[in-house]
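Colleague: Structure: input10.txt, compact mmCIF, C-alpha atoms.
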```txt
# COMPACT_ATOMS: atom_id res chain seq x y z
CA MET A 1 -106.49 11.58 141.73
CA THR A 2 -109.89 10.66 143.16
CA PHE A 3 -112.98 9.85 141.11
CA ALA A 4 -114.88 12.88 142.47
CA PHE A 5 -112.01 15.21 141.53
CA ALA A 6 -111.81 13.77 138.01
CA MET A 7 -115.58 14.10 137.55
CA ASP A 8 -115.44 17.74 138.66
CA TRP A 9 -112.86 18.48 135.97
CA MET A 10 -114.88 16.61 133.33
CA ASN A 11 -117.95 18.57 134.38
CA LEU A 12 -116.09 21.86 134.10
CA LEU A 13 -114.51 21.07 130.71
CA PHE A 14 -117.73 19.78 129.13
CA ARG A 15 -119.63 22.78 130.51
CA TRP A 16 -117.01 25.16 129.10
CA ALA A 17 -117.05 23.44 125.71
CA HIS A 18 -120.87 23.38 125.68
CA LEU A 19 -120.95 27.11 126.32
CA ILE A 20 -118.40 27.88 123.59
CA VAL A 21 -119.98 25.83 120.80
CA GLY A 22 -123.48 26.83 121.93
CA ILE A 23 -122.60 30.50 121.48
CA GLY A 24 -121.40 29.67 117.97
CA TRP A 25 -124.60 27.80 117.07
CA ILE A 26 -126.95 30.40 118.53
CA GLY A 27 -124.96 33.22 116.94
CA THR A 28 -125.21 31.75 113.45
CA SER A 29 -128.91 30.96 113.94
CA PHE A 30 -129.71 34.50 115.02
CA TYR A 31 -127.55 35.99 112.28
CA PHE A 32 -129.03 34.04 109.39
CA ILE A 33 -132.64 34.61 110.48
CA ALA A 34 -131.90 38.35 110.81
CA LEU A 35 -130.14 38.29 107.45
CA ASP A 36 -133.05 36.47 105.80
CA LEU A 37 -135.53 39.01 107.15
CA SER A 38 -133.41 41.99 106.11
CA LEU A 39 -133.10 40.97 102.44
CA ARG A 40 -134.51 43.49 99.97
CA LYS A 41 -135.29 43.30 96.27
CA ARG A 42 -133.13 45.81 94.39
CA PRO A 43 -132.78 46.83 90.74
CA GLY A 44 -130.30 44.84 88.70
CA MET A 45 -130.32 41.65 90.79
CA LYS A 46 -129.06 38.45 89.16
CA ASP A 47 -131.47 35.80 87.91
CA GLY A 48 -132.64 33.54 90.74
CA VAL A 49 -131.69 35.98 93.51
CA ALA A 50 -134.48 36.48 96.05
CA GLY A 51 -132.97 39.55 97.68
CA THR A 52 -129.78 41.24 98.82
CA ALA A 53 -128.55 42.97 101.97
CA TRP A 54 -125.84 45.52 102.63
CA GLU A 55 -124.13 45.21 106.01
CA VAL A 56 -121.31 46.89 107.88
CA HIS A 57 -119.20 45.33 110.62
CA GLY A 58 -115.70 45.77 111.97
CA GLY A 59 -114.95 48.64 109.62
CA GLY A 60 -115.88 46.67 106.49
CA PHE A 61 -118.91 46.62 104.16
CA TYR A 62 -120.54 43.38 103.01
CA HIS A 63 -122.97 42.68 100.16
CA VAL A 64 -124.91 39.44 100.60
CA GLU A 65 -127.22 37.74 98.09
CA LYS A 66 -129.76 34.98 98.70
CA TYR A 67 -130.89 32.66 95.91
CA LEU A 68 -134.43 31.32 95.69
CA VAL A 69 -133.09 27.77 95.53
CA ALA A 70 -129.37 27.85 94.67
CA PRO A 71 -127.11 29.33 91.97
CA LYS A 72 -126.45 27.33 88.83
CA GLU A 73 -122.93 26.60 90.00
CA LEU A 74 -121.44 26.25 93.48
CA PRO A 75 -117.91 27.29 94.47
CA GLU A 76 -115.48 24.77 95.92
CA ASP A 77 -115.08 26.83 99.10
CA LEU A 78 -118.77 26.74 100.06
CA ILE A 79 -119.06 27.19 103.86
CA TRP A 80 -121.33 24.81 105.78
CA TYR A 81 -122.62 25.78 109.23
CA LYS A 82 -123.24 22.49 110.97
CA TRP A 83 -120.54 21.56 113.47
CA GLU A 84 -121.65 24.23 115.92
CA ALA A 85 -124.99 22.41 116.24
CA TYR A 86 -123.47 18.93 116.36
CA LEU A 87 -120.91 19.83 119.01
CA THR A 88 -123.47 21.72 121.11
CA TRP A 89 -125.57 18.58 121.40
CA MET A 90 -122.58 16.29 121.91
CA THR A 91 -121.08 18.39 124.71
CA GLY A 92 -124.53 18.89 126.24
CA PHE A 93 -125.20 15.16 126.31
CA ALA A 94 -121.72 14.54 127.75
CA LEU A 95 -122.53 17.04 130.49
CA LEU A 96 -125.84 15.29 131.10
CA VAL A 97 -123.95 12.01 131.55
CA VAL A 98 -121.33 13.47 133.90
CA GLN A 99 -123.70 15.59 135.98
CA TYR A 100 -126.95 13.62 136.01
CA TYR A 101 -126.39 10.04 134.85
CA ALA A 102 -123.24 9.47 136.92
CA ASN A 103 -124.95 11.01 139.97
CA ALA A 104 -128.49 9.86 139.26
CA SER A 105 -129.37 9.19 142.90
CA ALA A 106 -128.47 12.74 143.91
CA TYR A 107 -129.43 14.85 140.88
CA LEU A 108 -131.91 12.89 138.78
CA ILE A 109 -133.97 10.83 141.21
CA ASP A 110 -136.29 12.10 143.93
CA PRO A 111 -137.96 9.20 145.80
CA SER A 112 -140.81 11.52 146.85
CA VAL A 113 -141.64 11.96 143.14
CA LEU A 114 -141.02 8.41 141.90
CA GLU A 115 -138.97 5.50 143.19
CA LEU A 116 -136.43 4.67 140.48
CA THR A 117 -133.11 2.92 140.23
CA PRO A 118 -130.32 4.87 138.50
CA GLY A 119 -130.52 2.50 135.53
CA GLU A 120 -134.26 3.05 135.15
CA ALA A 121 -133.86 6.83 135.36
CA VAL A 122 -131.15 6.88 132.70
CA LEU A 123 -133.16 4.61 130.39
CA ILE A 124 -136.25 6.83 130.71
CA SER A 125 -134.08 9.86 129.98
CA MET A 126 -132.60 8.48 126.77
CA LEU A 127 -135.89 7.06 125.48
CA SER A 128 -137.69 10.34 126.12
CA LEU A 129 -135.10 12.35 124.17
CA GLY A 130 -135.31 10.03 121.17
CA GLY A 131 -139.08 9.69 121.40
CA GLY A 132 -139.55 13.47 121.53
CA TRP A 133 -137.75 13.89 118.22
CA LEU A 134 -139.81 11.13 116.56
CA VAL A 135 -143.12 12.69 117.61
CA TYR A 136 -141.99 16.15 116.53
CA ASP A 137 -140.72 14.89 113.17
CA ARG A 138 -143.99 13.04 112.50
CA LEU A 139 -145.94 16.22 113.24
CA CYS A 140 -143.83 18.25 110.82
CA LYS A 141 -144.23 15.66 108.06
CA SER A 142 -147.99 15.24 108.62
CA PRO A 143 -150.69 17.56 107.22
CA VAL A 144 -150.33 19.52 110.47
CA GLY A 145 -146.87 20.58 109.29
CA ARG A 146 -148.41 22.57 106.43
CA ASN A 147 -150.40 24.73 108.86
CA THR A 148 -147.88 26.92 110.70
CA PRO A 149 -150.17 28.18 113.52
CA LEU A 150 -151.51 24.68 114.19
CA LEU A 151 -148.00 23.20 114.15
CA ALA A 152 -146.85 25.86 116.62
CA VAL A 153 -149.68 24.92 118.99
CA CYS A 154 -148.89 21.22 118.66
CA LEU A 155 -145.20 21.83 119.36
CA PHE A 156 -146.13 23.90 122.42
CA VAL A 157 -148.35 21.09 123.69
CA LEU A 158 -145.63 18.51 123.01
CA ILE A 159 -143.01 20.38 125.05
CA VAL A 160 -145.37 21.24 127.91
CA GLY A 161 -146.62 17.64 127.95
CA ALA A 162 -143.04 16.40 128.16
CA ALA A 163 -142.39 18.86 130.99
CA TYR A 164 -145.43 17.54 132.88
CA LEU A 165 -144.21 13.96 132.53
CA PHE A 166 -140.64 14.86 133.52
CA THR A 167 -141.85 16.60 136.70
CA HIS A 168 -143.68 13.39 137.66
CA VAL A 169 -140.64 11.18 137.04
CA PHE A 170 -137.47 13.10 137.93
CA SER A 171 -136.30 15.50 140.62
CA GLY A 172 -137.01 19.20 140.13
CA ARG A 173 -133.56 19.83 138.71
CA GLY A 174 -133.64 16.69 136.62
CA ALA A 175 -137.05 17.55 135.19
CA LEU A 176 -136.24 21.03 133.89
CA ILE A 177 -132.80 20.09 132.58
CA HIS A 178 -134.55 17.32 130.64
CA VAL A 179 -136.99 19.80 129.14
CA GLY A 180 -133.91 21.66 127.89
CA ALA A 181 -132.33 18.45 126.61
CA PHE A 182 -135.63 17.41 125.00
CA VAL A 183 -135.87 20.68 123.06
CA GLY A 184 -132.13 20.78 122.36
CA THR A 185 -132.27 17.30 120.86
CA ILE A 186 -135.08 18.35 118.52
CA MET A 187 -133.04 21.38 117.45
CA ALA A 188 -129.81 19.44 116.90
CA VAL A 189 -131.44 16.62 114.95
CA ASN A 190 -133.21 19.24 112.83
CA VAL A 191 -129.76 20.30 111.68
CA PHE A 192 -128.22 16.82 111.46
CA GLY A 193 -131.21 14.95 110.07
CA ILE A 194 -133.08 17.51 107.95
CA ILE A 195 -131.37 20.82 107.21
CA ILE A 196 -127.88 19.62 106.23
CA PRO A 197 -129.06 16.50 104.31
CA ASN A 198 -131.50 18.64 102.31
CA GLN A 199 -128.76 21.14 101.53
CA LYS A 200 -126.50 18.32 100.38
CA LYS A 201 -129.24 17.00 98.09
CA ILE A 202 -129.62 20.46 96.57
CA ALA A 203 -125.87 20.73 96.05
CA ALA A 204 -125.74 17.24 94.49
CA SER A 205 -128.50 18.14 92.03
CA LEU A 206 -126.62 21.24 90.96
CA MET A 207 -123.40 19.31 90.45
CA ALA A 208 -125.29 16.78 88.34
CA GLY A 209 -126.70 19.56 86.18
CA GLU A 210 -130.24 18.99 87.48
CA ALA A 211 -132.76 21.47 88.84
CA PRO A 212 -132.90 21.20 92.66
CA ASP A 213 -136.19 20.40 94.35
CA PRO A 214 -137.36 23.70 95.94
CA ARG A 215 -139.35 21.70 98.51
CA LEU A 216 -136.09 20.60 100.15
CA GLY A 217 -135.12 24.21 100.81
CA ALA A 218 -138.58 25.02 102.17
CA ILE A 219 -138.43 22.10 104.60
CA GLY A 220 -134.97 23.12 105.78
CA LYS A 221 -136.16 26.69 106.28
CA GLN A 222 -139.14 25.50 108.34
CA ARG A 223 -136.89 23.54 110.75
CA SER A 224 -134.42 26.42 110.93
CA VAL A 225 -137.20 28.81 111.96
CA HIS A 226 -138.35 26.32 114.62
CA ASN A 227 -134.82 26.25 116.02
CA ASN A 228 -134.72 30.03 116.08
CA TYR A 229 -137.92 30.34 118.11
CA LEU A 230 -136.90 27.58 120.54
CA THR A 231 -133.49 29.06 121.33
CA LEU A 232 -134.48 31.53 124.07
CA PRO A 233 -136.62 29.04 126.02
CA VAL A 234 -134.00 26.28 125.82
CA LEU A 235 -131.30 28.62 127.11
CA LEU A 236 -133.32 29.35 130.23
CA MET A 237 -134.02 25.64 130.77
CA MET A 238 -130.31 24.91 130.63
CA VAL A 239 -129.51 27.36 133.45
CA SER A 240 -132.65 26.57 135.47
CA ASN A 241 -130.82 24.31 137.95
CA HIS A 242 -129.26 27.45 139.45
CA TYR A 243 -132.72 28.78 140.34
CA PRO A 244 -134.68 26.64 142.81
CA MET A 245 -137.66 29.01 142.49
CA LEU A 246 -138.10 27.31 139.08
CA THR A 247 -136.92 23.75 139.66
CA GLY A 248 -138.48 23.46 143.10
CA HIS A 249 -141.88 24.85 142.17
CA PRO A 250 -144.69 22.28 142.56
CA GLN A 251 -146.09 23.27 139.15
CA SER A 252 -142.80 23.81 137.33
CA TRP A 253 -144.32 22.40 134.15
CA LEU A 254 -146.62 25.45 134.06
CA LEU A 255 -143.56 27.64 134.38
CA VAL A 256 -142.17 25.84 131.34
CA ALA A 257 -145.31 26.85 129.43
CA LEU A 258 -144.81 30.48 130.46
CA ILE A 259 -141.11 30.37 129.52
CA LEU A 260 -142.07 29.10 126.05
CA VAL A 261 -144.49 32.01 125.65
CA ILE A 262 -142.03 34.60 126.99
CA GLY A 263 -139.08 33.38 124.93
CA GLY A 264 -141.14 32.79 121.80
CA MET A 265 -142.76 36.23 121.89
CA VAL A 266 -139.47 38.04 122.52
CA ARG A 267 -137.89 36.11 119.64
CA HIS A 268 -140.90 36.92 117.43
CA PHE A 269 -140.59 40.62 118.23
CA LEU A 270 -136.87 40.62 117.44
CA ASN A 271 -137.47 38.77 114.19
CA ARG A 272 -140.16 41.20 113.09
CA HIS A 273 -137.95 44.09 114.13
CA ASP A 274 -135.25 42.74 111.81
CA ALA A 275 -137.91 42.56 109.09
CA GLY A 276 -138.85 46.19 109.72
CA ASP A 277 -142.38 45.76 111.08
CA ALA A 278 -142.07 45.01 114.82
CA PHE A 279 -144.06 48.07 115.86
CA GLY A 280 -146.71 47.54 113.21
CA LYS A 281 -149.16 44.68 113.38
CA PHE A 282 -146.84 42.63 115.62
CA TRP A 283 -146.76 45.15 118.49
CA TRP A 284 -148.57 42.66 120.75
CA ALA A 285 -145.60 40.27 121.06
CA LEU A 286 -143.77 42.14 123.83
CA PRO A 287 -146.88 42.86 125.96
CA LEU A 288 -147.77 39.15 125.77
CA ALA A 289 -144.23 38.27 126.89
CA ALA A 290 -144.58 40.77 129.76
CA ILE A 291 -147.84 39.17 130.88
CA GLY A 292 -146.15 35.78 130.89
CA LEU A 293 -143.21 37.13 132.91
CA ILE A 294 -145.44 38.80 135.49
CA THR A 295 -147.45 35.58 135.84
CA ALA A 296 -144.26 33.57 136.37
CA MET A 297 -143.05 36.04 139.02
CA ILE A 298 -146.37 35.83 140.86
CA MET A 299 -146.29 32.03 140.75
CA THR A 300 -142.76 31.90 142.18
CA ALA A 301 -143.29 34.52 144.90
CA PRO A 302 -141.73 33.28 148.19
CA ARG A 303 -143.93 31.96 150.96
CA ASP A 304 -144.12 33.94 154.20
CA PHE A 305 -143.11 32.09 157.40
CA SER A 306 -142.97 35.15 159.65
CA GLY A 307 -146.27 34.31 161.33
CA ALA A 308 -145.24 30.80 162.38
CA GLY A 309 -144.51 29.87 165.97
CA GLN A 310 -141.16 30.27 167.71
CA VAL A 311 -138.46 27.75 166.83
CA SER A 312 -135.47 27.21 169.10
CA ASP A 313 -131.83 27.31 167.98
CA ALA A 314 -131.50 23.70 169.07
CA THR A 315 -134.34 22.62 166.77
CA ALA A 316 -132.84 24.49 163.82
CA LYS A 317 -129.40 23.02 164.56
CA ALA A 318 -130.86 19.51 164.65
CA LEU A 319 -132.46 20.04 161.24
CA ILE A 320 -129.28 21.17 159.50
CA THR A 321 -127.29 18.40 161.19
CA THR A 322 -129.74 15.83 159.82
CA HIS A 323 -130.33 17.26 156.37
CA CYS A 324 -127.40 19.54 155.44
CA ALA A 325 -124.16 18.73 157.23
CA MET A 326 -123.47 15.48 155.36
CA CYS A 327 -122.45 17.62 152.36
CA HIS A 328 -121.99 21.11 153.81
CA ALA A 329 -119.20 20.41 156.26
CA ALA A 330 -115.48 20.91 156.58
CA THR A 331 -115.17 17.19 155.95
CA PRO A 332 -118.29 15.98 154.08
CA THR A 333 -119.47 12.44 154.78
CA HIS A 334 -121.42 12.25 151.50
CA GLU A 335 -119.54 10.06 149.04
CA GLY A 336 -120.10 12.50 146.19
CA PHE A 337 -118.24 15.42 147.74
CA GLU A 338 -114.71 15.94 148.97
CA GLU A 339 -115.41 19.51 150.04
CA ALA A 340 -118.54 21.49 150.82
CA PRO A 341 -120.45 22.59 147.68
CA LYS A 342 -119.81 26.30 146.99
CA GLY A 343 -117.77 26.41 150.20
CA ILE A 344 -120.94 26.63 152.32
CA HIS A 345 -120.67 25.00 155.76
CA LEU A 346 -123.81 24.27 157.77
CA GLU A 347 -122.53 22.72 160.97
CA SER A 348 -123.55 25.31 163.54
CA VAL A 349 -126.23 27.88 164.30
CA ALA A 350 -123.72 30.59 163.35
CA ASP A 351 -123.26 28.93 159.95
CA LEU A 352 -127.02 28.81 159.48
CA ARG A 353 -127.35 32.51 160.27
CA ARG A 354 -124.58 33.32 157.80
CA TYR A 355 -126.14 31.36 154.94
CA ALA A 356 -129.79 31.86 155.90
CA ASP A 357 -130.82 33.35 152.55
CA GLN A 358 -129.31 30.46 150.60
CA VAL A 359 -130.92 27.88 152.88
CA MET A 360 -134.27 29.65 152.58
CA ALA A 361 -134.08 29.57 148.78
CA GLN A 362 -132.73 26.03 148.39
CA ALA A 363 -134.30 24.05 151.25
CA VAL A 364 -137.35 26.01 152.43
CA GLN A 365 -138.94 27.81 149.50
CA SER A 366 -138.07 24.81 147.31
CA ASP A 367 -137.00 21.19 147.72
CA ALA A 368 -133.81 21.58 145.67
CA MET A 369 -131.85 20.60 148.77
CA PRO A 370 -130.98 18.08 150.06
CA LEU A 371 -130.00 16.65 146.68
CA GLY A 372 -132.56 14.07 145.65
CA ASN A 373 -134.03 14.56 149.14
CA GLU A 374 -131.78 11.72 150.23
CA THR A 375 -132.38 12.49 153.89
CA GLY A 376 -136.18 12.54 153.53
CA MET A 377 -136.68 16.17 154.58
CA SER A 378 -140.41 16.71 155.07
CA ASP A 379 -142.53 19.75 154.29
CA GLU A 380 -142.93 20.21 158.04
CA ASP A 381 -139.14 20.26 158.47
CA ARG A 382 -138.83 22.90 155.76
CA ALA A 383 -141.55 25.05 157.31
CA THR A 384 -139.88 24.80 160.73
CA LEU A 385 -136.53 25.86 159.28
CA GLY A 386 -138.26 28.69 157.41
CA ALA A 387 -139.89 29.90 160.62
CA TRP A 388 -136.50 29.96 162.41
CA ILE A 389 -134.88 31.94 159.57
CA SER A 390 -137.79 34.42 159.58
CA GLN A 391 -137.29 34.93 163.31
CA GLN A 392 -133.70 36.02 162.73
CA LYS A 393 -134.79 38.83 160.42
CA LYS A 394 -137.13 40.47 162.97
```
What is this file in structure tokens?
Modeller:
Amino acid sequence: MTFAFAMDWMNLLFRWAHLIVGIGWIGTSFYFIALDLSLRKRPGMKDGVAGTAWEVHGGGFYHVEKYLVAPKELPEDLIWYKWEAYLTWMTGFALLVVQYYANASAYLIDPSVLELTPGEAVLISMLSLGGGWLVYDRLCKSPVGRNTPLLAVCLFVLIVGAAYLFTHVFSGRGALIHVGAFVGTIMAVNVFGIIIPNQKKIAASLMAGEAPDPRLGAIGKQRSVHNNYLTLPVLLMMVSNHYPMLTGHPQSWLLVALILVIGGMVRHFLNRHDAGDAFGKFWWALPLAAIGLITAMIMTAPRDFSGAGQVSDATAKALITTHCAMCHAATPTHEGFEEAPKGIHLESVADLRRYADQVMAQAVQSDAMPLGNETGMSDEDRATLGAWISQQKK
């Protein structure tokens, strides 16, 4: 068994596990926010109950109550929702190690952005994830944290600022995946460091016969709501490396800002819909998301190379031989691959014609390929290749 083969299996298994536990975490987050917003005050409610909800699912009916702080007594079989969040972060970080840290030169570092050694890139990555949480936590605990609109603006600036820094340190793929990891770390530590500890303190007070501190529940609710609004943007960041129109854009940090607006507004609309007032005073959320989406589509519109001069087959062949064939060949010479990625071979003009659309997206319209621009492909090379591909479509 070769190292590359073993790493491929680790990548697959961690990615599979990350997807499974992530679905569980996101599902519970969405469910409990929707449940919270659907609670209604009804006659005959117990003391301390804030509201109740009637639900139907799978042929059964459910009656759910929410207490303002907690009931006077807790059952022994109290269910805690925490491991979904913990395992999502753990599998995500493991995937970051396998995909980006172990292949830093190819996936994380782009010498045209910043000359780094793999060790330096990994150190910056880990420090940025930890530092992001510390700044966020300080903001929440400061007077800013008591002003929800101001805190939302500060959090937006924090994430966009991190995106700007990442795009000036890492490769395009590395930058956007780190925005996802940056936000995901904030969300996971919210659960591990704030929400669950506060719930345990409330439970301990009840067991000791003391009145729980309602402030602990309010703080936990605040962080839970943050997680809910960040979920849609972070999901897109995590799949961004499949879309070079995002990762290869020269102002990808601005796209991050738009993604935050789009995801946040869609989530806000859905939340208000669950609360029964989406089409009332919150009607503007979806139009604002649409404006953000249209702006992102305009920003990522492909460049037109059809008006460029004629490029010979020999010139195009020389470019793919220099910049593509080391990986995309029947027998790759790149040490990181035993077979061509995605089964795409680029060893002849016929191969280039066959995969022209993929080459245009990955190596012309963006700089996603070659990985880490190891071969030093210039903007002029990309434009020349784009002109040749445009010629084939006439």
Colleague: If we count all atoms listed in the file and set the cut-off at 12 Å, which residues sit around Asp277 of chain A, ignoring sequence neighbours fewer than 6 positions away in its own chain? Please answer as a list in words.
Modeller: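 Once the nearby chain positions are removed, what remains is Leu37, Ser38, His268, Phe269, Leu270, Asn271, Trp283, Trp284 and Ala285 of chain A.
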Colleague: Report as a VMD selection string all protein, DNA and RNA residues lying within 9 Å of Arg353 of chain A, evaluated on all atoms listed in the file, omitting residues in the same chain fewer than 4 positions from it.
Modeller: chain A and resid 348 to 349 357 389 392
Colleague: Name all residues at most 8 Å from Met377 of chain A (count all atoms listed in the file; drop same-chain ones fewer than 5 positions away) and give them as a list in words.
Modeller: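 With the cut-off at 8 Å, the set is His323, Pro370 and Arg382 of chain A.
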Colleague: Can you sort out the box for segment 146-157 of chain A, edges along x, y and z, all listed atoms in, 5 Å on every side, with centre and edge lengths in Å to one decimal, as AutoDock Vina command-line options?
Modeller:
```
--center_x -148.4 --center_y 24.6 --center_z 115.1 --size_x 16.3 --size_y 17.1 --size_z 27.3
```
Colleague: Using all atoms listed in the file, which of A:Trp253, A:Tyr229, A:Phe305, A:Trp89 sits nearest Tyr164 of chain A?
Modeller: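 Counting all atoms listed in the file, the residue closest to Tyr164 of chain A is A:Trp253.
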Colleague: Excluding Leu288 of chain A and its own-chain neighbours fewer than 5 positions away, which residues fall within 8 Å of it when counting all atoms listed in the file? Please give them as a PyMOL selection string.
Modeller: chain A and resi 261-262+265
Colleague: May I ask for the distance between atom CA of Ile196 of chain A and atom CA of Phe156 of chain A, given in Å to one decimal place?
Modeller: 24.8 Å
Colleague: Skip Ile26 of chain A itself and residues of its chain fewer than 2 positions away, then list as a list in words all residues within 9 Å of it, counting all atoms listed in the file.
Modeller: Val21, Gly22, Ile23, Gly24, Thr28, Ser29, Phe30, Tyr31, Glu84, Ala85, Asn228 and Thr231 of chain A
Colleague: Restricting the calculation to only C-alpha atoms: of A:Lys281, A:Arg223, A:Lys342, A:Arg303, which residue gets closest to Ser390 of chain A?
Modeller: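 Checking each of A:Lys281, A:Arg223, A:Lys342, A:Arg303 against Ser390 of chain A, counting only C-alpha atoms, the winner is A:Arg303.
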Colleague: Of the candidates A:Ala289, A:Val56, A:Ala325, A:Met45, which shows the shortest atom-to-atom distance to Ala257 of chain A, using only C-alpha atoms?
Modeller: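 For Ala257 of chain A, the nearest of the candidates is A:Ala289.
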Colleague: Here is a test: counting only C-alpha atoms, which residue of A:Met360, A:Thr315, A:Ala94, A:Ala368 is nearest to His18 of chain A?
Modeller: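 Result for the nearest residue to His18 of chain A: A:Ala94.
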Colleague: Considering only C-alpha atoms, state which residue in the set A:Pro233, A:Gly336, A:Gly184, A:Gly376 is at the smallest distance from Phe3 of chain A.
Modeller: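 Ranked by minimum distance to Phe3 of chain A, first place goes to A:Gly336.
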Colleague: Hey, could you patch up segment 295-315 of chain A with N, CA and C atoms and hand it over as an mmCIF file, keeping the file's coordinate frame?
Modeller:
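The result, written out as out.cif:
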```cif
data_model
loop_
_atom_site.group_PDB
_atom_site.id
_atom_site.type_symbol
_atom_site.label_atom_id
_atom_site.label_comp_id
_atom_site.auth_asym_id
_atom_site.auth_seq_id
_atom_site.Cartn_x
_atom_site.Cartn_y
_atom_site.Cartn_z
ATOM 1 N N THR A 295 -146.791 36.778 135.310
ATOM 2 C CA THR A 295 -147.450 35.580 135.840
ATOM 3 C C THR A 295 -146.450 34.630 136.478
ATOM 4 N N ALA A 296 -145.303 34.448 135.824
ATOM 5 C CA ALA A 296 -144.260 33.570 136.370
ATOM 6 C C ALA A 296 -143.726 34.112 137.695
ATOM 7 N N MET A 297 -143.554 35.431 137.778
ATOM 8 C CA MET A 297 -143.050 36.040 139.020
ATOM 9 C C MET A 297 -144.057 35.880 140.153
ATOM 10 N N ILE A 298 -145.335 36.021 139.840
ATOM 11 C CA ILE A 298 -146.370 35.830 140.860
ATOM 12 C C ILE A 298 -146.386 34.379 141.340
ATOM 13 N N MET A 299 -146.281 33.446 140.386
ATOM 14 C CA MET A 299 -146.290 32.030 140.750
ATOM 15 C C MET A 299 -145.116 31.641 141.645
ATOM 16 N N THR A 300 -143.970 32.275 141.438
ATOM 17 C CA THR A 300 -142.760 31.900 142.180
ATOM 18 C C THR A 300 -142.509 32.788 143.396
ATOM 19 N N ALA A 301 -143.465 33.643 143.735
ATOM 20 C CA ALA A 301 -143.290 34.520 144.900
ATOM 21 C C ALA A 301 -143.028 33.678 146.155
ATOM 22 N N PRO A 302 -142.075 34.081 147.001
ATOM 23 C CA PRO A 302 -141.730 33.280 148.190
ATOM 24 C C PRO A 302 -142.863 33.231 149.204
ATOM 25 N N ARG A 303 -142.948 32.109 149.883
ATOM 26 C CA ARG A 303 -143.930 31.960 150.960
ATOM 27 C C ARG A 303 -143.461 32.717 152.191
ATOM 28 N N ASP A 304 -144.417 33.169 152.992
ATOM 29 C CA ASP A 304 -144.120 33.940 154.200
ATOM 30 C C ASP A 304 -144.229 33.032 155.423
ATOM 31 N N PHE A 305 -143.123 32.913 156.184
ATOM 32 C CA PHE A 305 -143.110 32.090 157.400
ATOM 33 C C PHE A 305 -143.035 32.936 158.660
ATOM 34 N N SER A 306 -143.166 34.264 158.507
ATOM 35 C CA SER A 306 -142.970 35.150 159.650
ATOM 36 C C SER A 306 -144.040 34.968 160.724
ATOM 37 N N GLY A 307 -145.203 34.472 160.346
ATOM 38 C CA GLY A 307 -146.270 34.310 161.330
ATOM 39 C C GLY A 307 -146.272 32.974 162.041
ATOM 40 N N ALA A 308 -145.309 32.117 161.740
ATOM 41 C CA ALA A 308 -145.240 30.800 162.380
ATOM 42 C C ALA A 308 -144.754 30.924 163.818
ATOM 43 N N GLY A 309 -144.915 29.868 164.574
ATOM 44 C CA GLY A 309 -144.510 29.870 165.970
ATOM 45 C C GLY A 309 -143.010 29.953 166.140
ATOM 46 N N GLN A 310 -142.585 30.162 167.392
ATOM 47 C CA GLN A 310 -141.160 30.270 167.710
ATOM 48 C C GLN A 310 -140.474 28.910 167.561
ATOM 49 N N VAL A 311 -139.266 28.961 167.007
ATOM 50 C CA VAL A 311 -138.460 27.750 166.830
ATOM 51 C C VAL A 311 -137.117 27.986 167.517
ATOM 52 N N SER A 312 -136.700 27.050 168.331
ATOM 53 C CA SER A 312 -135.470 27.210 169.100
ATOM 54 C C SER A 312 -134.237 26.991 168.222
ATOM 55 N N ASP A 313 -133.096 27.533 168.686
ATOM 56 C CA ASP A 313 -131.830 27.310 167.980
ATOM 57 C C ASP A 313 -131.505 25.825 167.931
ATOM 58 N N ALA A 314 -131.814 25.127 168.999
ATOM 59 C CA ALA A 314 -131.500 23.700 169.070
ATOM 60 C C ALA A 314 -132.264 22.920 167.996
ATOM 61 N N THR A 315 -133.539 23.301 167.788
ATOM 62 C CA THR A 315 -134.340 22.620 166.770
ATOM 63 C C THR A 315 -133.784 22.876 165.372
#
```
